[in-house]
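Enquirer: Mind looking over this structure? Questions follow.
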Amino acid sequence: IRAVVFRSALGKKPFLRAGASLFDLEEGMSILCRARLSVYQPRGEYQLLVDALEPLGMGALQKAFEQLKARLQAEGLFDIACKKPIPFLPRRIGVITSPTGAVIKDILHITRRRFSSIDILVAPVRVQGLEAPDEIIRAIADMHSVGDVDVIILARGGGSIED
């Protein structure tokens with residue numbers, strides 16, 4: 001049975017975003033698909049309409065991560081030229097993290113202990129799950145719109161590469 005992924009579905013799926021997959025499909029690769037059965041009327045054939053797909057097997061998620069990292073590296077996003085200088089003593093720090101995790105407590109405790117005069121602006125977000133990327137992107141944009149933040153810390157606790 002033929003399996004198809006329509007372009008309109010690409011931006012809606014966890015492993016298929018913005019028209020480009022977060023991992024590259026390769027010949028012989030084992031994948032897990034969620035799909036719906038349909039009939040392609042012009043040929044009277046059954047087909048699977050793929051809603052989501054992900055790599056399967058030992059190391060598949062690590063491979064997807066490495067492929068994404070290599071793609072971002074090739075775009076130059078990790079180059080020194082892309083990095084902004086960090087001020088020696090920032091006046092105002094933006095913190096983007098979960099409001100309930102140990103990370104925010106650690107950041108606030110250490111900052112208050114070492115630099116009690118620094119303002120801290122906290123943007124509470126989810127740092128795990130499918131909603132996390134959109135919330136984090138929105139929080140970064142909000143921090144930039146404030147305009148008076150010298151440094152932004154994006155933090156989360158330990159966890160699995162799946163997160």
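For the structure tokens, the naming scheme is as follows: chains receive sequential letters (A, B, ...) according to their order of presentation, residues are indexed from 1 within each chain, and ligands are indexed from 1 in presentation order.
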Enumerate the residues of stretch 96-149 of chain A with a DSSP assignment of helix (DSSP H, G or I), computed from the backbone, and present them as JSON, numbers by chain.

Expert: {"A": [102, 103, 104, 105, 106, 107, 108, 109, 110, 111, 112, 113, 114, 132, 133, 134, 135, 136, 137, 138, 139, 140, 141, 142, 143, 144, 145, 146]}

Enquirer: At a cut-off of 9 Å, using only C-alpha atoms, what residues contact A:Ile140? Leave out same-chain residues fewer than 2 positions from it and give the result as a PyMOL selection string.

Expert: chain A and resi 94+96+123+135-138+142-145+152+154

Enquirer: Just N, CA and C atoms for this one: save the residues we selected as a compact mmCIF listing (two decimals), in the first residue's frame.

Expert:
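Final output, result-v2.txt:
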```
# COMPACT_ATOMS: atom_id res chain seq x y z
N GLY A 94 16.45 38.25 31.86
CA GLY A 94 15.21 37.55 31.56
C GLY A 94 15.44 36.06 31.73
N ILE A 96 13.61 32.36 31.07
CA ILE A 96 12.53 31.61 30.44
C ILE A 96 12.66 30.17 30.91
N ALA A 123 9.65 34.59 32.52
CA ALA A 123 8.60 34.21 31.58
C ALA A 123 8.32 32.73 31.79
N GLU A 135 5.79 27.96 22.90
CA GLU A 135 5.78 28.81 24.09
C GLU A 135 7.14 29.49 24.30
N ILE A 136 8.21 28.74 24.08
CA ILE A 136 9.56 29.30 24.25
C ILE A 136 9.83 30.38 23.22
N ILE A 137 9.46 30.13 21.97
CA ILE A 137 9.65 31.13 20.91
C ILE A 137 8.89 32.41 21.25
N ARG A 138 7.65 32.25 21.70
CA ARG A 138 6.83 33.42 22.07
C ARG A 138 7.46 34.17 23.25
N ASP A 142 8.73 38.00 23.40
CA ASP A 142 8.23 38.92 24.43
C ASP A 142 9.38 39.58 25.18
N MET A 143 10.42 38.82 25.49
CA MET A 143 11.59 39.39 26.18
C MET A 143 12.26 40.46 25.32
N HIS A 144 12.36 40.20 24.02
CA HIS A 144 12.96 41.19 23.12
C HIS A 144 12.09 42.44 23.02
N SER A 145 10.78 42.27 23.06
CA SER A 145 9.90 43.43 22.94
C SER A 145 9.97 44.31 24.18
N ILE A 152 19.20 36.88 28.33
CA ILE A 152 18.08 35.94 28.49
C ILE A 152 18.66 34.57 28.81
N LEU A 154 17.58 30.73 29.03
CA LEU A 154 16.59 29.70 28.73
C LEU A 154 17.06 28.46 29.47
```

Enquirer: Counting only C-alpha atoms, which residue out of A:Glu131, A:Asp119, A:Asp51, A:Glu26 sits closest to A:Arg91?

Expert: A:Asp119

Enquirer: Need the shell around A:Ala3: protein/DNA/RNA residues with any atom at most 8 Å away, counting only C-alpha atoms. Skip same-chain ones fewer than 4 positions apart. Format as a JSON list (two decimals) with C-alpha atoms, in the first residue's frame?

Expert:
```
[["chain", "number", "residue", "atom", "x", "y", "z"],
["A", 47, "GLN", "CA", -3.44, 4.44, 0.35],
["A", 48, "LEU", "CA", -2.27, 5.52, 3.78],
["A", 49, "LEU", "CA", -2.46, 9.23, 4.59],
["A", 50, "VAL", "CA", 0.41, 9.77, 7.05]]
```

Enquirer: DSSP on the backbone, strand (DSSP E) only: what residues of chain A does that give? Format it as a ChimeraX atom specification.

Expert: /A:2-4,16-17,20-21,31-40,45-55,92-97,119-124,151-154
